[in-house]
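**Q** my_file11.csv is the file, holding CSV, C-alpha atoms:
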```csv
chain,number,residue,atom,x,y,z
A,1,MET,CA,96.3,169.5,163.5
A,2,LEU,CA,94.9,169.3,167.0
A,3,VAL,CA,92.0,167.0,166.3
A,4,ARG,CA,92.1,164.2,168.8
A,5,PHE,CA,92.4,166.3,171.8
A,6,ARG,CA,89.7,168.9,171.5
A,7,THR,CA,87.9,170.6,174.3
A,8,LEU,CA,84.4,170.4,175.9
A,9,THR,CA,82.4,173.3,176.9
A,10,LEU,CA,81.1,173.2,180.4
A,11,THR,CA,78.8,175.7,182.0
A,12,GLY,CA,77.3,176.4,185.4
A,13,ARG,CA,74.6,178.6,187.1
A,14,GLN,CA,75.7,182.0,188.2
A,15,ARG,CA,76.3,181.9,191.9
A,16,PRO,CA,75.1,184.7,194.2
A,17,PRO,CA,77.7,187.1,195.7
A,18,VAL,CA,79.6,186.0,198.8
A,19,PRO,CA,79.3,188.8,201.3
A,20,SER,CA,81.6,187.4,204.0
A,21,ILE,CA,84.6,187.2,201.7
A,22,THR,CA,86.1,190.1,199.7
A,23,ARG,CA,85.9,189.1,196.0
A,24,CYS,CA,88.1,190.7,193.4
A,25,VAL,CA,84.9,191.4,191.4
A,26,SER,CA,81.3,191.6,192.7
A,27,SER,CA,79.0,189.0,191.0
A,28,SER,CA,76.9,190.5,188.3
A,29,ASN,CA,73.1,189.9,188.3
A,30,MET,CA,72.7,188.0,185.0
A,31,SER,CA,69.9,185.8,184.0
A,32,VAL,CA,71.1,182.4,182.7
A,33,ASN,CA,69.1,180.2,180.4
A,34,MET,CA,69.6,176.8,181.9
A,35,THR,CA,68.9,174.2,179.2
A,36,THR,CA,69.9,170.6,179.4
A,37,GLY,CA,70.6,168.8,176.2
A,38,GLY,CA,71.7,169.7,172.7
A,39,SER,CA,68.8,168.8,170.6
A,40,SER,CA,67.4,172.3,170.0
A,41,SER,CA,69.2,174.9,167.9
A,42,LYS,CA,67.8,177.5,170.4
A,43,SER,CA,69.6,175.9,173.4
A,44,ALA,CA,71.9,178.2,175.3
A,45,PRO,CA,75.2,177.1,176.8
A,46,ILE,CA,74.8,175.4,180.1
A,47,ILE,CA,76.3,177.3,183.0
A,48,ARG,CA,77.1,175.1,186.0
A,49,GLU,CA,77.8,176.2,189.6
A,50,PHE,CA,80.9,176.5,191.7
A,51,VAL,CA,80.7,174.0,194.6
A,52,ASP,CA,82.4,174.1,197.9
A,53,VAL,CA,85.5,171.8,198.1
A,54,GLU,CA,84.6,171.0,201.7
A,55,GLY,CA,81.0,170.1,201.0
A,56,GLY,CA,79.5,173.2,202.7
A,57,ASP,CA,77.5,176.1,201.4
A,58,ILE,CA,79.9,178.7,199.9
A,59,ARG,CA,77.4,181.4,200.8
A,60,SER,CA,77.4,180.6,204.5
A,61,ARG,CA,81.1,181.2,205.5
A,62,GLY,CA,82.3,183.1,208.5
A,63,GLN,CA,83.9,186.5,208.3
A,64,SER,CA,87.3,186.6,206.6
A,65,ASP,CA,89.8,189.2,205.6
A,66,GLY,CA,90.9,187.2,202.6
A,67,ILE,CA,90.9,187.9,198.9
A,68,ARG,CA,88.8,185.5,196.9
A,69,PHE,CA,89.0,185.1,193.1
A,70,ARG,CA,87.8,182.6,190.5
A,71,LEU,CA,89.9,181.3,187.6
A,72,VAL,CA,88.5,179.3,184.7
A,73,SER,CA,90.7,177.4,182.2
A,74,TYR,CA,89.0,176.5,178.9
A,75,ASN,CA,90.1,175.2,175.5
A,76,ILE,CA,87.5,177.0,173.4
A,77,LEU,CA,88.3,175.1,170.1
A,78,ALA,CA,89.7,177.3,167.5
A,79,GLN,CA,87.3,178.0,164.6
A,80,ALA,CA,90.2,177.2,162.2
A,81,TYR,CA,89.9,173.5,163.4
A,82,VAL,CA,86.1,173.3,163.1
A,83,LYS,CA,85.1,171.2,160.2
A,84,SER,CA,82.1,169.0,159.8
A,85,SER,CA,84.4,166.2,158.6
A,86,LEU,CA,86.2,166.3,161.9
A,87,PHE,CA,83.1,166.6,164.0
A,88,PRO,CA,80.4,164.6,162.1
A,89,HIS,CA,78.5,163.9,165.4
A,90,SER,CA,78.0,167.6,165.9
A,91,PRO,CA,74.9,169.5,164.6
A,92,SER,CA,76.1,171.5,161.7
A,93,PRO,CA,74.5,174.8,162.8
A,94,SER,CA,76.4,174.5,166.2
A,95,LEU,CA,79.7,174.5,164.4
A,96,ARG,CA,79.2,177.8,162.5
A,97,TRP,CA,81.3,180.7,163.7
A,98,LYS,CA,78.5,183.1,164.4
A,99,ALA,CA,76.7,180.6,166.6
A,100,ARG,CA,79.8,179.3,168.4
A,101,SER,CA,81.4,182.7,169.0
A,102,GLN,CA,78.2,184.0,170.6
A,103,ALA,CA,77.8,180.8,172.7
A,104,ILE,CA,81.4,181.1,173.9
A,105,LEU,CA,81.0,184.7,174.8
A,106,THR,CA,77.7,184.0,176.6
A,107,LEU,CA,79.3,181.2,178.6
A,108,LEU,CA,82.3,183.3,179.6
A,109,LYS,CA,80.2,186.3,180.6
A,110,ASN,CA,77.9,184.2,182.7
A,111,LEU,CA,80.7,182.3,184.4
A,112,GLY,CA,81.9,185.7,185.5
A,113,ALA,CA,85.4,184.5,186.5
A,114,ASP,CA,88.0,187.0,187.6
A,115,PHE,CA,90.6,185.3,185.3
A,116,PHE,CA,90.1,183.2,182.2
A,117,CYS,CA,93.0,181.2,180.8
A,118,LEU,CA,91.9,180.2,177.3
A,119,GLN,CA,93.5,178.0,174.8
A,120,GLU,CA,93.0,177.6,171.0
A,121,VAL,CA,92.0,181.3,170.8
A,122,ASP,CA,91.8,182.5,167.2
A,123,GLU,CA,90.0,185.6,166.1
A,124,TYR,CA,91.6,187.3,169.1
A,125,ASP,CA,92.0,190.8,167.7
A,126,SER,CA,88.8,190.7,165.7
A,127,PHE,CA,86.5,189.2,168.3
A,128,TYR,CA,87.6,188.1,171.7
A,129,LYS,CA,89.8,191.1,172.8
A,130,ARG,CA,87.1,193.7,171.9
A,131,ASN,CA,84.1,191.8,173.2
A,132,MET,CA,85.7,190.8,176.5
A,133,ALA,CA,86.8,194.4,177.0
A,134,ASP,CA,83.2,195.4,176.8
A,135,HIS,CA,82.6,193.1,179.8
A,136,GLY,CA,85.4,194.6,181.8
A,137,TYR,CA,88.3,192.3,180.9
A,138,SER,CA,91.8,193.3,179.8
A,139,SER,CA,93.9,190.6,178.1
A,140,ILE,CA,97.3,189.4,177.0
A,141,TYR,CA,97.8,186.9,174.2
A,142,VAL,CA,100.4,184.8,172.4
A,143,GLN,CA,99.8,183.3,169.0
A,144,ARG,CA,101.3,180.0,168.0
A,145,SER,CA,104.5,179.9,166.0
A,146,GLY,CA,104.7,179.1,162.3
A,147,GLN,CA,101.5,179.5,160.3
A,148,LYS,CA,99.2,178.5,163.2
A,149,ARG,CA,96.3,180.9,163.7
A,150,ASP,CA,95.4,180.1,167.3
A,151,GLY,CA,97.1,180.8,170.6
A,152,CYS,CA,96.8,181.2,174.4
A,153,GLY,CA,95.2,184.2,176.2
A,154,ILE,CA,94.7,185.4,179.7
A,155,PHE,CA,91.7,187.6,180.4
A,156,TYR,CA,91.5,189.4,183.7
A,157,LYS,CA,89.0,191.8,185.3
A,158,ASN,CA,90.3,195.3,185.4
A,159,ASN,CA,88.8,196.0,188.9
A,160,CYS,CA,90.3,192.8,190.3
A,161,ALA,CA,93.9,192.8,189.2
A,162,GLU,CA,96.8,194.9,187.9
A,163,LEU,CA,99.2,193.4,185.3
A,164,LEU,CA,102.8,193.8,186.6
A,165,ALA,CA,104.8,191.7,184.2
A,166,LYS,CA,104.4,189.0,181.4
A,167,GLU,CA,106.4,186.6,179.3
A,168,THR,CA,105.6,184.3,176.5
A,169,ILE,CA,106.8,180.8,176.1
A,170,GLU,CA,107.7,179.4,172.6
A,171,TYR,CA,108.4,175.7,172.9
A,172,ASN,CA,110.2,175.8,169.5
A,173,ASP,CA,113.0,177.4,171.6
A,174,LEU,CA,113.7,173.8,172.7
A,175,VAL,CA,115.3,173.3,169.3
A,176,ASP,CA,117.8,176.1,170.0
A,177,LEU,CA,118.5,174.7,173.4
A,178,LEU,CA,119.2,171.3,171.9
A,179,LEU,CA,121.4,172.9,169.2
A,180,ASP,CA,123.4,174.6,171.9
A,181,GLU,CA,123.7,171.3,173.8
A,182,THR,CA,124.8,169.3,170.8
A,183,SER,CA,127.2,172.0,169.6
A,184,LEU,CA,128.9,172.0,173.0
A,185,SER,CA,129.1,168.2,173.0
A,186,ALA,CA,130.6,168.3,169.6
A,187,ASP,CA,133.2,170.9,170.6
A,188,LYS,CA,134.2,168.8,173.5
A,189,GLN,CA,134.5,165.7,171.3
A,190,ASN,CA,136.6,167.6,168.8
A,191,GLU,CA,139.0,168.8,171.5
A,192,THR,CA,139.4,165.3,172.7
A,193,LEU,CA,140.1,164.0,169.2
A,194,ALA,CA,142.6,166.7,168.5
A,195,ASP,CA,144.5,166.0,171.7
A,196,GLY,CA,144.5,162.3,171.1
A,197,ASN,CA,145.8,162.7,167.5
A,198,ASN,CA,148.7,164.9,168.5
A,199,GLY,CA,147.6,167.9,166.4
A,200,ALA,CA,145.9,166.0,163.6
A,201,HIS,CA,142.9,167.7,161.9
A,202,ALA,CA,139.9,167.6,164.2
A,203,MET,CA,136.9,165.7,162.9
A,204,ASN,CA,133.7,167.7,162.7
A,205,ASP,CA,130.9,165.2,163.1
A,206,SER,CA,128.5,167.6,164.9
A,207,PRO,CA,125.0,166.2,164.7
A,208,VAL,CA,123.8,169.7,164.1
A,209,LYS,CA,125.4,169.8,160.7
A,210,SER,CA,124.5,166.3,159.7
A,211,SER,CA,120.9,166.4,160.9
A,212,PRO,CA,118.1,166.9,158.3
A,213,GLU,CA,116.3,170.1,157.7
A,214,CYS,CA,113.2,171.1,159.8
A,215,ARG,CA,111.0,169.2,157.4
A,216,GLY,CA,113.0,166.1,157.6
A,217,ASP,CA,112.9,163.0,159.7
A,218,PRO,CA,110.5,163.3,162.6
A,219,ASN,CA,112.7,161.0,164.6
A,220,ASP,CA,115.4,163.7,164.5
A,221,PRO,CA,115.0,165.7,167.8
A,222,HIS,CA,115.6,169.0,166.0
A,223,VAL,CA,112.6,168.3,163.8
A,224,ARG,CA,110.6,166.5,166.5
A,225,LEU,CA,110.7,169.4,169.0
A,226,LYS,CA,109.4,172.0,166.6
A,227,ARG,CA,105.7,171.7,167.2
A,228,ASP,CA,104.7,175.4,167.2
A,229,CYS,CA,103.2,175.2,170.7
A,230,VAL,CA,103.1,178.2,173.1
A,231,GLY,CA,102.3,179.4,176.6
A,232,ILE,CA,102.0,182.7,178.4
A,233,MET,CA,102.7,183.7,182.0
A,234,ALA,CA,102.0,186.9,183.9
A,235,ALA,CA,102.2,188.5,187.4
A,236,PHE,CA,99.2,190.3,188.7
A,237,ARG,CA,98.7,192.4,191.8
A,238,LEU,CA,95.3,191.7,193.4
A,239,LYS,CA,93.8,194.9,194.6
A,240,ASP,CA,91.5,194.5,197.5
A,241,PRO,CA,91.3,194.4,200.5
A,242,PHE,CA,95.1,194.1,200.5
A,243,HIS,CA,97.7,193.8,197.8
A,244,HIS,CA,99.0,190.3,196.9
A,245,VAL,CA,100.9,189.2,193.8
A,246,VAL,CA,99.8,186.0,192.0
A,247,ILE,CA,101.5,184.5,189.0
A,248,LEU,CA,99.3,182.8,186.4
A,249,ALA,CA,100.5,180.6,183.6
A,250,ASN,CA,98.5,179.3,180.7
A,251,THR,CA,99.6,176.8,178.1
A,252,HIS,CA,98.7,174.2,175.5
A,253,LEU,CA,101.0,171.3,175.0
A,254,TYR,CA,101.4,169.1,171.9
A,255,TRP,CA,98.6,166.8,171.2
A,256,ASP,CA,100.0,163.5,169.8
A,257,PRO,CA,99.9,160.6,172.3
A,258,GLU,CA,102.7,158.9,170.5
A,259,TRP,CA,105.0,161.8,171.1
A,260,ALA,CA,105.1,161.7,174.9
A,261,ASP,CA,108.8,162.7,174.8
A,262,VAL,CA,108.0,166.0,173.2
A,263,LYS,CA,105.2,166.8,175.6
A,264,LEU,CA,107.5,165.9,178.5
A,265,ALA,CA,110.3,168.2,177.1
A,266,GLN,CA,107.7,171.0,176.8
A,267,ALA,CA,106.5,170.5,180.4
A,268,LYS,CA,110.1,170.6,181.7
A,269,TYR,CA,110.8,173.7,179.7
A,270,LEU,CA,107.6,175.3,180.9
A,271,LEU,CA,108.4,174.8,184.6
A,272,SER,CA,112.0,176.0,184.1
A,273,ARG,CA,110.8,179.2,182.5
A,274,LEU,CA,108.1,179.6,185.2
A,275,ALA,CA,110.7,179.2,187.9
A,276,GLN,CA,112.9,181.9,186.4
A,277,PHE,CA,109.8,184.2,186.0
A,278,LYS,CA,108.9,183.6,189.6
A,279,THR,CA,112.4,184.6,190.8
A,280,LEU,CA,112.3,187.7,188.6
A,281,VAL,CA,108.9,188.8,190.1
A,282,THR,CA,109.9,188.0,193.6
A,283,ASP,CA,113.1,190.2,193.3
A,284,LYS,CA,111.6,193.0,191.3
A,285,PHE,CA,108.4,193.5,193.4
A,286,GLU,CA,109.8,192.3,196.7
A,287,CYS,CA,107.0,189.9,197.3
A,288,THR,CA,106.2,186.2,197.8
A,289,PRO,CA,103.9,185.4,194.8
A,290,SER,CA,101.3,182.7,194.7
A,291,LEU,CA,101.6,180.5,191.6
A,292,ILE,CA,98.8,178.9,189.5
A,293,LEU,CA,99.4,176.9,186.3
A,294,SER,CA,96.5,175.9,184.0
A,295,GLY,CA,95.8,174.8,180.5
A,296,ASP,CA,95.3,172.0,178.1
A,297,PHE,CA,98.2,169.6,178.7
A,298,ASN,CA,97.0,166.9,176.3
A,299,SER,CA,97.9,164.4,179.0
A,300,THR,CA,95.7,162.0,180.9
A,301,PRO,CA,95.9,161.5,184.7
A,302,GLY,CA,98.8,159.2,185.5
A,303,ASP,CA,100.8,159.6,182.3
A,304,LYS,CA,104.4,160.8,182.2
A,305,VAL,CA,103.7,164.5,181.8
A,306,TYR,CA,101.0,164.5,184.6
A,307,GLN,CA,103.3,162.5,186.9
A,308,TYR,CA,106.2,164.9,186.2
A,309,LEU,CA,104.1,168.0,186.9
A,310,ILE,CA,102.9,166.7,190.3
A,311,SER,CA,106.1,165.0,191.4
A,312,GLY,CA,109.0,166.0,189.2
A,313,ASN,CA,109.8,162.4,188.5
A,314,SER,CA,109.8,160.6,185.1
A,315,SER,CA,110.8,157.0,184.3
A,316,SER,CA,111.6,157.9,180.7
A,317,ALA,CA,114.6,159.6,179.3
A,318,SER,CA,113.8,163.2,178.2
A,319,LEU,CA,115.0,164.8,175.0
A,320,MET,CA,116.2,167.7,177.2
A,321,THR,CA,118.3,166.1,179.9
A,322,CYS,CA,119.8,169.5,180.6
A,323,LEU,CA,116.6,170.8,182.2
A,324,GLU,CA,116.4,170.4,185.9
A,325,GLU,CA,113.7,168.4,187.7
A,326,LEU,CA,110.6,170.0,189.2
A,327,PRO,CA,111.7,173.5,190.6
A,328,PHE,CA,108.7,173.9,192.9
A,329,PRO,CA,105.9,171.6,194.1
A,330,LEU,CA,102.6,171.5,192.2
A,331,CYS,CA,99.2,170.0,193.1
A,332,SER,CA,96.2,169.6,190.9
A,333,VAL,CA,93.1,171.4,192.3
A,334,HIS,CA,90.8,168.6,191.4
A,335,ALA,CA,93.1,165.7,192.5
A,336,PHE,CA,93.7,167.5,195.8
A,337,THR,CA,89.9,167.8,196.4
A,338,ARG,CA,87.6,165.3,194.8
A,339,GLY,CA,89.9,163.5,192.4
A,340,GLU,CA,90.4,164.3,188.7
A,341,PRO,CA,87.2,164.4,186.7
A,342,PRO,CA,86.4,161.5,184.4
A,343,PHE,CA,86.7,163.7,181.4
A,344,THR,CA,87.2,167.3,180.2
A,345,ASN,CA,87.3,166.4,176.5
A,346,CYS,CA,84.4,164.5,174.9
A,347,THR,CA,84.1,163.2,171.4
A,348,PRO,CA,82.9,159.8,170.2
A,349,ASP,CA,86.5,158.8,169.5
A,350,PHE,CA,88.1,160.1,172.6
A,351,THR,CA,86.7,161.0,176.1
A,352,ASN,CA,89.2,161.7,178.9
A,353,THR,CA,90.7,164.4,181.1
A,354,LEU,CA,93.3,166.6,179.4
A,355,ASP,CA,92.8,170.0,181.2
A,356,TYR,CA,94.1,170.9,184.6
A,357,ILE,CA,94.6,173.7,187.1
A,358,PHE,CA,97.7,173.3,189.2
A,359,PHE,CA,98.8,175.4,192.1
A,360,SER,CA,101.9,175.7,194.2
A,361,PRO,CA,100.9,175.0,197.9
A,362,SER,CA,101.4,177.8,200.4
A,363,ASP,CA,100.0,178.8,203.7
A,364,CYS,CA,98.3,181.8,202.3
A,365,LEU,CA,96.6,180.2,199.2
A,366,LYS,CA,93.4,178.2,200.0
A,367,ARG,CA,91.1,176.4,197.6
A,368,VAL,CA,87.5,177.4,198.2
A,369,SER,CA,85.4,175.9,195.4
A,370,ILE,CA,85.5,174.2,192.0
A,371,LEU,CA,83.3,174.4,189.0
A,372,GLU,CA,80.9,171.5,188.6
A,373,LEU,CA,81.4,169.2,185.6
A,374,PRO,CA,78.8,166.9,184.0
A,375,GLU,CA,78.7,163.2,184.3
A,376,LEU,CA,79.3,160.9,181.3
A,377,ASP,CA,75.6,160.2,181.1
A,378,SER,CA,74.5,163.9,181.4
A,379,PRO,CA,72.0,164.6,178.5
A,380,ASP,CA,74.1,167.7,177.4
A,381,VAL,CA,77.2,165.6,176.6
A,382,VAL,CA,75.7,162.4,175.3
A,383,GLY,CA,76.8,161.9,171.8
A,384,GLY,CA,79.9,164.0,172.2
A,385,LEU,CA,80.9,167.6,171.8
A,386,PRO,CA,80.6,170.3,170.5
A,387,ASN,CA,76.9,170.7,170.4
A,388,TYR,CA,74.3,173.4,171.1
A,389,SER,CA,74.9,173.2,174.8
A,390,HIS,CA,78.7,173.1,174.6
A,391,PRO,CA,80.5,175.2,171.9
A,392,SER,CA,83.8,173.4,172.3
A,393,ASP,CA,84.8,169.7,172.5
A,394,HIS,CA,86.4,170.6,175.9
A,395,LEU,CA,84.7,171.6,179.1
A,396,PRO,CA,85.7,174.7,181.1
A,397,ILE,CA,87.3,173.8,184.4
A,398,GLY,CA,87.4,176.3,187.3
A,399,ALA,CA,88.5,176.9,190.8
A,400,GLU,CA,88.0,179.6,193.4
A,401,PHE,CA,90.9,180.5,195.6
A,402,GLU,CA,91.3,182.6,198.8
A,403,ILE,CA,94.4,184.5,199.6
A,404,THR,CA,94.9,185.3,203.3
A,405,LYS,CA,97.4,187.7,204.9
A,406,GLU,CA,100.8,186.1,205.7
```
In structure tokens, write the structure found in this file.
**A**
Amino acid sequence: MLVRFRTLTLTGRQRPPVPSITRCVSSSNMSVNMTTGGSSSKSAPIIREFVDVEGGDIRSRGQSDGIRFRLVSYNILAQAYVKSSLFPHSPSPSLRWKARSQAILTLLKNLGADFFCLQEVDEYDSFYKRNMADHGYSSIYVQRSGQKRDGCGIFYKNNCAELLAKETIEYNDLVDLLLDETSLSADKQNETLADGNNGAHAMNDSPVKSSPECRGDPNDPHVRLKRDCVGIMAAFRLKDPFHHVVILANTHLYWDPEWADVKLAQAKYLLSRLAQFKTLVTDKFECTPSLILSGDFNSTPGDKVYQYLISGNSSSASLMTCLEELPFPLCSVHAFTRGEPPFTNCTPDFTNTLDYIFFSPSDCLKRVSILELPELDSPDVVGGLPNYSHPSDHLPIGAEFEITKE
């Protein structure tokens, strides 16, 4: 159960439209109830602003022919994991599905991003798909493996982007990759033994056959890698004022801090699949796509997974040594601008940064603004999340990008 690493809900005031830059979507004129603090059951989610990464006013930019779009990544906290026993610090009414679902929907609507990458999405068919469609969003979704009820979804504005291609990522596939690797190793070992014994019966000591079943020893890599985590990636063609293809990937890695090797194997598999997808999109649509990766990585700044994602280096031995090192460069939006935030997940037992938006640097992709985040002493987060102001234990993080003609 994903308990330790839950997600905050962060909100910001709706910004006015930016006339000098072509946006994928024009900003809607919505009134936002800006409350600060979670003491009242009538409090609305807090919506914070996007702020210029260069410290200027995002409304006073010069004329540009670029495409500007906003992306928000948010672990919305699956209702399946919401129990008073797990969140004793949270007001009970704020944990109820009716209140939380409406608060999340209000938050997303008022943030008005062109793309939402959401994690821990349950009730997708019954609630989020339909309600987001009412606000102009199409969506793609992958549910977690096994009996898990939540998953990852990408929601995108119909008048902003056209879906070109998509693929899902099942991290349980790492088990099959490991089986193939160990089977090949065993075959080579048996051939060597057969040759060395002048035709004697080959010994079959394949670790695949001698390993426990899936419910066995968690130290066995075949068991250890089966964590039912998923991701989803898609290529979109941005529509105006010129066509450009952008690849978005959304994922939720395994939570347990003691299983860093599993998370690292997942991260490597993620980037290997993403590299293959990028090649496919490049060839099929004859383009040079921009690439953005976001999600809940359940990894704090500076740990092995984070360091791998931004550098491709790891000091620890991976379970999947067959996977290549970083296939393309990645930078964290926040680290590249003002530094990683002090936290994106906030509970009394754990407060730290787990959520990131990474991008592959290119001459045509520019960071314009980022979504403001609260300070640790902000009244709306004191005491931990979720609460009336934040429907999740995670905060939404966001960034605005500008695409220029190559």
**Q** With all atoms listed in the file as the atoms that count, which of A:Pro221, A:Pro341, A:Gly66, A:Gly151 lies nearest to Gln79 in chain A?
**A**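 Nearest to Gln79 in chain A: A:Gly151.
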**Q** Leaving out range 235-250 of chain A and any residue of its chain fewer than 6 positions from it, which residues lie within 7 Å of it when counting only C-alpha atoms, given as a list of chain:residue names?
**A**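 Neighbouring residues, sequence-local ones excluded: A:Thr22, A:Cys24, A:Ile67, A:Cys117, A:Cys152, A:Cys160, A:Ala161, A:Glu162, A:Leu163, A:Leu164, A:Ala165, A:Lys166, A:Pro289, A:Ser290, A:Leu291, A:Ile292, A:Leu293, A:Ser294, A:Gly295.
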**Q** Using all atoms listed in the file, which residue out of A:Phe297, A:Trp259, A:Phe50, A:Tyr137 lies closest to Asn345 in chain A?
**A**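 Selected residue with least distance to Asn345 in chain A: A:Phe297.
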**Q** Name the closest residue to Leu330 in chain A among the candidates A:Gln276, A:Ser126, A:Thr351, A:Leu271; distances are taken between atoms, counting all atoms listed in the file.
**A**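 That would be A:Leu271, the residue with the smallest distance to Leu330 in chain A.
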**Q** Rounded to one decimal place, report the CA of Lys405 in chain A-CA of Asp65 in chain A distance in Å.
**A**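 These atoms are spaced 7.8 Å apart.
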